[in-house]
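Have a look at query15.csv below; it lists CSV, C-alpha atoms.
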chain,number,residue,atom,x,y,z
A,3,MET,CA,25.4,9.3,-19.9
A,4,PHE,CA,21.8,8.3,-20.0
A,5,THR,CA,22.2,4.8,-21.2
A,6,ALA,CA,24.7,3.8,-18.5
A,7,ALA,CA,22.9,1.5,-16.0
A,8,ILE,CA,23.2,2.2,-12.3
A,9,SER,CA,25.4,-0.1,-10.3
A,10,ARG,CA,24.1,-3.6,-9.4
A,11,GLN,CA,24.5,-2.8,-5.8
A,12,CYS,CA,22.3,0.3,-6.0
A,13,ARG,CA,19.6,-1.6,-7.9
A,14,ALA,CA,19.7,-4.5,-5.6
A,15,ALA,CA,19.4,-2.3,-2.6
A,16,ALA,CA,16.5,-0.4,-4.1
A,17,LEU,CA,14.5,-3.5,-5.0
A,18,ALA,CA,15.4,-5.4,-1.9
A,19,ARG,CA,14.2,-2.8,0.6
A,20,SER,CA,11.2,-4.1,2.5
A,21,VAL,CA,7.9,-2.3,1.7
A,22,ASN,CA,5.9,-1.3,4.7
A,23,LEU,CA,3.1,0.5,3.0
A,24,ARG,CA,-0.6,1.0,3.2
A,25,CYS,CA,-2.5,1.0,0.0
A,26,HIS,CA,-6.2,1.0,-0.9
A,27,TYR,CA,-7.6,-0.4,-4.2
A,28,SER,CA,-8.2,2.2,-6.8
A,29,HIS,CA,-6.9,3.3,-10.2
A,30,THR,CA,-4.4,5.4,-8.3
A,31,TYR,CA,-2.1,4.0,-5.6
A,32,SER,CA,-0.2,5.9,-2.9
A,33,HIS,CA,2.7,4.7,-0.6
A,34,THR,CA,2.4,7.7,1.7
A,35,HIS,CA,-1.0,9.4,1.6
A,36,PRO,CA,-3.6,7.2,0.0
A,37,ARG,CA,-6.3,9.3,-1.6
A,38,PRO,CA,-10.0,8.5,-0.9
A,39,LEU,CA,-11.8,6.9,-3.8
A,40,ALA,CA,-13.8,9.3,-6.0
A,41,ALA,CA,-17.5,8.6,-6.1
A,42,GLY,CA,-17.2,7.0,-9.6
A,43,ALA,CA,-14.1,4.9,-8.7
A,44,ALA,CA,-15.8,3.7,-5.5
A,45,ALA,CA,-18.8,2.6,-7.4
A,46,ALA,CA,-16.7,0.8,-10.0
A,47,ALA,CA,-14.7,-0.9,-7.2
A,48,GLU,CA,-17.9,-2.0,-5.6
A,49,ARG,CA,-19.2,-3.4,-8.9
A,50,SER,CA,-16.1,-5.4,-9.3
A,51,SER,CA,-16.0,-6.7,-5.8
A,52,THR,CA,-17.4,-10.1,-6.9
A,53,ASN,CA,-14.4,-10.6,-9.1
A,54,ASN,CA,-11.3,-10.8,-7.0
A,55,ASN,CA,-9.0,-12.2,-9.6
A,56,SER,CA,-8.9,-9.7,-12.4
A,57,LEU,CA,-9.3,-6.0,-13.2
A,58,ASP,CA,-10.9,-6.8,-16.5
A,59,GLU,CA,-14.4,-6.3,-15.1
A,60,LEU,CA,-13.5,-2.8,-13.9
A,61,LYS,CA,-15.0,-0.1,-16.1
A,62,PRO,CA,-14.1,3.6,-16.4
A,63,SER,CA,-16.0,5.6,-13.8
A,64,PRO,CA,-19.2,7.4,-14.8
A,65,ASN,CA,-17.4,10.6,-14.2
A,66,SER,CA,-15.1,9.9,-17.2
A,67,HIS,CA,-17.9,11.2,-19.4
A,68,SER,CA,-19.0,14.1,-17.3
A,69,GLY,CA,-16.1,15.3,-15.2
A,70,PRO,CA,-13.7,18.2,-15.7
A,71,ALA,CA,-11.2,16.1,-17.6
A,72,PHE,CA,-13.8,14.9,-20.1
A,73,LYS,CA,-15.1,18.5,-20.6
A,74,TYR,CA,-11.6,19.9,-21.2
A,75,PHE,CA,-10.4,17.2,-23.7
A,76,SER,CA,-13.7,17.0,-25.6
A,77,LYS,CA,-13.7,20.8,-26.3
A,78,ARG,CA,-10.1,20.9,-27.7
A,79,ASP,CA,-8.5,19.6,-30.8
A,80,ALA,CA,-5.4,17.4,-30.6
A,81,LYS,CA,-2.8,18.3,-33.2
A,82,PHE,CA,0.7,17.1,-34.1
A,83,VAL,CA,3.0,20.1,-33.9
A,84,LEU,CA,6.5,18.9,-34.9
A,85,SER,CA,9.3,16.4,-34.4
A,86,ALA,CA,12.4,17.8,-32.7
A,87,THR,CA,15.9,16.4,-33.0
A,88,LYS,CA,17.6,19.4,-31.5
A,89,PRO,CA,16.7,22.2,-29.1
A,90,GLU,CA,16.4,24.8,-31.9
A,91,HIS,CA,13.3,22.9,-33.1
A,92,TYR,CA,11.1,23.0,-30.0
A,93,LYS,CA,12.1,26.5,-29.1
A,94,ARG,CA,9.7,27.7,-31.8
A,95,ILE,CA,6.7,26.2,-29.9
A,96,PRO,CA,4.5,28.6,-27.9
A,97,PRO,CA,5.4,28.5,-24.2
A,98,ASN,CA,2.3,26.5,-23.0
A,99,PRO,CA,2.5,24.2,-20.0
A,100,GLU,CA,4.1,21.0,-21.1
A,101,VAL,CA,4.1,17.3,-20.0
A,102,THR,CA,6.2,14.5,-21.3
A,103,PHE,CA,5.5,10.8,-21.7
A,104,ALA,CA,8.6,8.6,-21.3
A,105,GLY,CA,9.3,4.9,-21.0
A,106,ARG,CA,11.0,1.8,-22.3
A,107,SER,CA,10.3,0.7,-25.9
A,108,ASN,CA,7.1,-1.3,-26.3
A,109,VAL,CA,5.6,0.0,-23.0
A,110,GLY,CA,2.4,1.0,-24.8
A,111,LYS,CA,3.2,4.8,-24.9
A,112,SER,CA,1.7,5.5,-28.3
A,113,SER,CA,-1.6,3.7,-27.5
A,114,LEU,CA,-1.8,5.5,-24.1
A,115,LEU,CA,-1.1,8.9,-25.7
A,116,SER,CA,-3.8,8.3,-28.3
A,117,ALA,CA,-6.3,7.4,-25.5
A,118,VAL,CA,-5.3,10.5,-23.5
A,119,LEU,CA,-5.6,12.8,-26.6
A,120,ARG,CA,-8.9,11.1,-27.7
A,121,SER,CA,-7.4,10.9,-31.2
A,122,GLN,CA,-6.7,7.5,-32.7
A,123,GLY,CA,-4.0,7.5,-35.4
A,124,LEU,CA,-2.5,10.8,-34.4
A,125,VAL,CA,0.4,9.3,-32.4
A,126,LYS,CA,2.4,7.1,-34.7
A,127,THR,CA,4.1,3.9,-33.7
A,128,SER,CA,7.7,3.4,-34.9
A,129,LYS,CA,8.2,0.5,-37.3
A,130,LYS,CA,11.5,-0.1,-35.5
A,131,PRO,CA,10.9,0.1,-31.7
A,132,GLY,CA,13.8,1.7,-29.9
A,133,HIS,CA,15.1,3.5,-33.0
A,134,THR,CA,13.2,6.7,-32.7
A,135,SER,CA,15.4,9.7,-31.9
A,136,ALA,CA,13.0,12.6,-32.0
A,137,LEU,CA,10.8,14.3,-29.5
A,138,ASN,CA,7.3,14.5,-30.9
A,139,PHE,CA,5.2,17.4,-29.8
A,140,PHE,CA,1.4,17.5,-29.7
A,141,SER,CA,-1.0,20.3,-28.6
A,142,LEU,CA,-4.5,20.6,-27.2
A,143,THR,CA,-6.0,23.9,-28.3
A,144,SER,CA,-9.3,25.5,-29.0
A,145,GLY,CA,-10.1,28.7,-30.9
A,146,SER,CA,-12.8,29.6,-28.3
A,147,CYS,CA,-11.5,28.1,-25.0
A,148,PRO,CA,-8.4,29.2,-23.1
A,149,GLY,CA,-5.9,26.8,-21.6
A,150,ALA,CA,-3.7,25.3,-24.3
A,151,ILE,CA,-1.2,22.6,-23.3
A,152,SER,CA,1.6,20.7,-25.0
A,153,LEU,CA,2.3,16.9,-24.7
A,154,VAL,CA,5.6,15.4,-25.7
A,155,ASP,CA,6.2,11.8,-26.8
A,156,MET,CA,9.8,11.0,-25.8
A,157,PRO,CA,11.8,8.3,-27.7
A,158,GLY,CA,11.5,4.9,-26.1
A,159,TYR,CA,14.6,3.8,-24.3
A,160,GLY,CA,15.9,0.3,-23.6
A,161,TYR,CA,15.8,-2.3,-26.3
A,162,ARG,CA,18.0,-1.3,-29.2
A,163,SER,CA,17.7,2.4,-28.4
A,164,ARG,CA,20.2,4.7,-30.0
A,165,ASP,CA,23.0,6.0,-27.8
A,166,GLU,CA,23.2,9.3,-29.6
A,167,TRP,CA,19.8,10.6,-28.4
A,168,GLY,CA,20.9,10.5,-24.7
A,169,GLY,CA,22.5,13.9,-24.8
A,170,PHE,CA,19.6,15.5,-26.6
A,171,ILE,CA,17.1,14.1,-24.0
A,172,MET,CA,19.3,15.3,-21.1
A,173,LYS,CA,19.4,18.8,-22.6
A,174,TYR,CA,15.6,18.8,-22.9
A,175,LEU,CA,15.1,17.6,-19.3
A,176,SER,CA,17.6,20.0,-17.8
A,177,THR,CA,16.7,23.2,-19.7
A,178,ARG,CA,13.0,23.0,-20.7
A,179,LYS,CA,11.3,25.7,-18.6
A,180,GLU,CA,7.8,24.8,-19.8
A,181,LEU,CA,8.1,21.2,-18.6
A,182,ARG,CA,5.8,20.5,-15.7
A,183,ARG,CA,6.1,16.8,-15.2
A,184,VAL,CA,7.4,13.6,-16.8
A,185,PHE,CA,4.8,10.7,-16.9
A,186,LEU,CA,7.1,7.7,-16.7
A,187,LEU,CA,5.3,4.6,-18.1
A,188,ILE,CA,6.1,1.1,-16.7
A,189,GLU,CA,4.4,-2.0,-18.0
A,190,ALA,CA,2.6,-3.6,-15.1
A,191,LYS,CA,3.3,-7.2,-16.0
A,192,VAL,CA,7.0,-6.6,-16.1
A,193,GLY,CA,6.6,-6.1,-12.4
A,194,GLU,CA,9.7,-4.1,-11.6
A,195,LEU,CA,11.9,-1.1,-12.7
A,196,LYS,CA,14.6,-2.1,-15.2
A,197,ALA,CA,18.1,-0.6,-15.1
A,198,THR,CA,17.2,1.9,-17.8
A,199,ASP,CA,14.2,3.0,-15.8
A,200,LEU,CA,16.4,3.6,-12.8
A,201,SER,CA,18.9,5.5,-14.8
A,202,PHE,CA,16.2,7.7,-16.2
A,203,LEU,CA,15.0,8.4,-12.6
A,204,GLU,CA,18.6,9.3,-11.6
A,205,LEU,CA,18.5,11.9,-14.4
A,206,ALA,CA,15.2,13.3,-13.2
A,207,GLU,CA,16.5,13.5,-9.7
A,208,GLN,CA,19.6,15.3,-10.9
A,209,TYR,CA,17.6,17.9,-12.9
A,210,LYS,CA,14.8,18.1,-10.3
A,211,THR,CA,12.2,17.1,-12.9
A,212,PRO,CA,8.9,15.9,-11.3
A,213,VAL,CA,8.0,12.3,-12.2
A,214,GLN,CA,4.6,10.6,-12.2
A,215,ILE,CA,4.7,6.8,-12.4
A,216,VAL,CA,2.1,5.3,-14.7
A,217,LEU,CA,1.5,1.6,-14.9
A,218,THR,CA,0.3,0.5,-18.3
A,219,LYS,CA,-1.6,-2.6,-19.6
A,220,THR,CA,-3.2,-3.2,-16.2
A,221,ASP,CA,-6.5,-4.6,-17.5
A,222,LYS,CA,-5.5,-8.2,-17.4
A,223,MET,CA,-3.6,-8.1,-14.1
A,224,LYS,CA,-4.8,-9.8,-11.0
A,225,ARG,CA,-5.8,-7.3,-8.3
A,226,ALA,CA,-3.5,-8.8,-5.6
A,227,ASP,CA,-0.6,-8.9,-8.0
A,228,LEU,CA,-1.2,-5.3,-9.1
A,229,ASP,CA,-1.3,-4.1,-5.5
A,230,SER,CA,2.0,-5.7,-4.7
A,231,ILE,CA,3.7,-4.6,-8.0
A,232,CYS,CA,2.5,-1.0,-7.6
A,233,LYS,CA,3.8,-0.6,-4.1
A,234,SER,CA,7.1,-2.1,-4.9
A,235,ILE,CA,7.7,0.1,-8.0
A,236,ILE,CA,6.7,3.3,-6.1
A,237,GLN,CA,9.1,2.4,-3.3
A,238,SER,CA,12.0,1.5,-5.7
A,239,ALA,CA,11.4,4.7,-7.7
A,240,THR,CA,11.3,6.8,-4.5
A,241,ASP,CA,14.6,5.2,-3.3
A,242,ILE,CA,16.3,6.4,-6.5
A,243,ALA,CA,14.6,9.8,-6.9
A,244,PRO,CA,13.1,10.8,-3.5
A,245,SER,CA,12.7,14.5,-4.3
A,246,VAL,CA,10.9,14.2,-7.6
A,247,VAL,CA,8.8,11.0,-7.7
A,248,GLN,CA,5.2,11.6,-6.9
A,249,PRO,CA,3.8,9.5,-4.0
A,250,THR,CA,1.1,7.9,-6.2
A,251,ALA,CA,1.0,5.7,-9.3
A,252,ILE,CA,-1.7,5.9,-11.9
A,253,CYS,CA,-2.9,2.5,-13.3
A,254,CYS,CA,-4.1,2.6,-16.8
A,255,SER,CA,-5.2,0.5,-19.8
A,256,SER,CA,-5.5,2.0,-23.2
A,257,ARG,CA,-7.6,-1.0,-24.3
A,258,THR,CA,-10.4,-0.7,-21.7
A,259,LYS,CA,-9.7,3.0,-20.9
A,260,ILE,CA,-9.3,2.1,-17.2
A,261,GLY,CA,-7.6,5.1,-15.5
A,262,ILE,CA,-7.5,7.3,-18.5
A,263,ASP,CA,-9.7,9.9,-16.9
A,264,ASP,CA,-7.5,9.8,-13.8
A,265,LEU,CA,-4.4,10.4,-16.0
A,266,GLN,CA,-6.1,13.3,-17.9
A,267,LEU,CA,-7.2,14.9,-14.7
A,268,GLU,CA,-3.7,14.7,-13.2
A,269,LEU,CA,-2.3,16.2,-16.4
A,270,LEU,CA,-4.7,19.2,-16.0
A,271,ARG,CA,-3.6,19.6,-12.4
A,272,VAL,CA,0.1,19.8,-13.1
A,273,CYS,CA,-0.7,22.4,-15.9
A,274,ASP,CA,-2.6,24.5,-13.3
A,275,LEU,CA,-5.9,24.0,-15.2
A,276,VAL,CA,-7.6,22.4,-12.2
A,277,PRO,CA,-6.9,24.7,-9.2
A,278,SER,CA,-7.4,23.0,-5.8
A,279,GLY,CA,-11.1,22.7,-5.1
A,280,GLU,CA,-12.1,24.1,-8.5
A,281,PRO,CA,-13.3,22.5,-11.7
A,282,ALA,CA,-11.1,22.4,-14.8
A,283,LYS,CA,-11.3,25.3,-17.3
A,284,GLN,CA,-13.8,24.4,-20.0
Starting from the coordinates I provided, produce the structure as structure tokens.
Amino acid sequence: MFTAAISRQCRAAALARSVNLRCHYSHTYSHTHPRPLAAGAAAAAERSSTNNNSLDELKPSPNSHSGPAFKYFSKRDAKFVLSATKPEHYKRIPPNPEVTFAGRSNVGKSSLLSAVLRSQGLVKTSKKPGHTSALNFFSLTSGSCPGAISLVDMPGYGYRSRDEWGGFIMKYLSTRKELRRVFLLIEAKVGELKATDLSFLELAEQYKTPVQIVLTKTDKMKRADLDSICKSIIQSATDIAPSVVQPTAICCSSRTKIGIDDLQLELLRVCDLVPSGEPAKQ
């Protein structure tokens, strides 16, 4: 069952393994194959080189208003489609490429989704964190542009979450053919994966569902602390789900919009809207 935590021995082993990794500073961190900084990110990093204590000075790259992700998202309308509490509900949705956002309650999922969709107020925050039991589906479509995609807001797990939604979520993860990737949100200042995060990763490994780690609320983190936390979390996640966890973590802030363009671009990649070496469909 989803809510059952993994054994203390397994968690301790995952978190205690030494991290022998190389990592460069960017919005995106890798524990195996660090990616070169994009031109905009490199310029932003250079601008912030005089401030070694905080990421607060780092601004979105210039490409965030001219790159393929911006062009795609600015030409499409974000719409709420439906709330699903059983598989029969989401089977009515057109079979577009689909990504899901998951994470513990209060991880900042609603704010981050609003930033990604470029639509404030569309994604509602529950008045009782941890009590939501529905999958909320959103779409990005255009009457004149091809390339529609679906985004799913998964119920927050952890604090006061309902046990009964575990089976429904497991059914979705194991059978949804349109699902391309789960973006698993981890609050950066927490600094580690909790037992429920590790249990979710176990499910993803079991169902062979690709997972992208996303660190949220990174705008007030010290650079050195974020480097260390990022590497540790990636390593711990890879230990639990080695065949599905992506080798990079995307660092974001819905407040300052740091990393939002990176997240949008990765979303387009997994939905096959940004073929390798080609711009996104506009």
d(CA of Ser255 (chain A), CA of Gly149 (chain A)) in Å: 26.4 Å
Computed interatomic separation between CA of Asp264 (chain A) and CA of Val118 (chain A) (Å): 10.0 Å
Point-to-point distance from CA of Leu203 (chain A) to CA of Leu186 (chain A), Å rounded to tenths: 8.9 Å
Nearest to Leu228 (chain A), chosen from A:Ala190, A:Leu275, A:Val125, A:Ala150, with all atoms listed in the file counted in the distances: A:Ala190
Residue among A:Leu205, A:Phe72, A:Phe103, A:Val83 lying closest to Leu115 (chain A), counting all atoms listed in the file: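 Counting all atoms listed in the file, the residue closest to Leu115 (chain A) is A:Phe103.
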Contacts of Cys273 (chain A) within 7 Å, all atoms listed in the file, excl. fewer than 3 positions in-chain, as a list of chain:residue names: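 Listing them by chain and then by number gives A:Pro99, A:Arg182, A:Leu269, A:Leu270.
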Using only C-alpha atoms: which of A:Thr258, A:Gln266, A:Ser107, A:Ser234 has the shortest distance to Lys219 (chain A): A:Thr258
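Neighbouring residues of region 174-179 of chain A at 8 Å or closer, counting all atoms listed in the file and skipping chain neighbours under 2 positions away, are Pro89, Phe170, Ile171, Met172, Leu181, Ala206, Tyr209 and Thr211 of chain A.
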Serialized selection, C-alpha atoms, as a compact mmCIF listing (two decimals), keeping the file's coordinate frame:
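The result, written out as again_34.txt:
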# COMPACT_ATOMS: atom_id res chain seq x y z
CA PRO A 89 16.70 22.20 -29.10
CA PHE A 170 19.60 15.50 -26.60
CA ILE A 171 17.10 14.10 -24.00
CA MET A 172 19.30 15.30 -21.10
CA LEU A 181 8.10 21.20 -18.60
CA ALA A 206 15.20 13.30 -13.20
CA TYR A 209 17.60 17.90 -12.90
CA THR A 211 12.20 17.10 -12.90
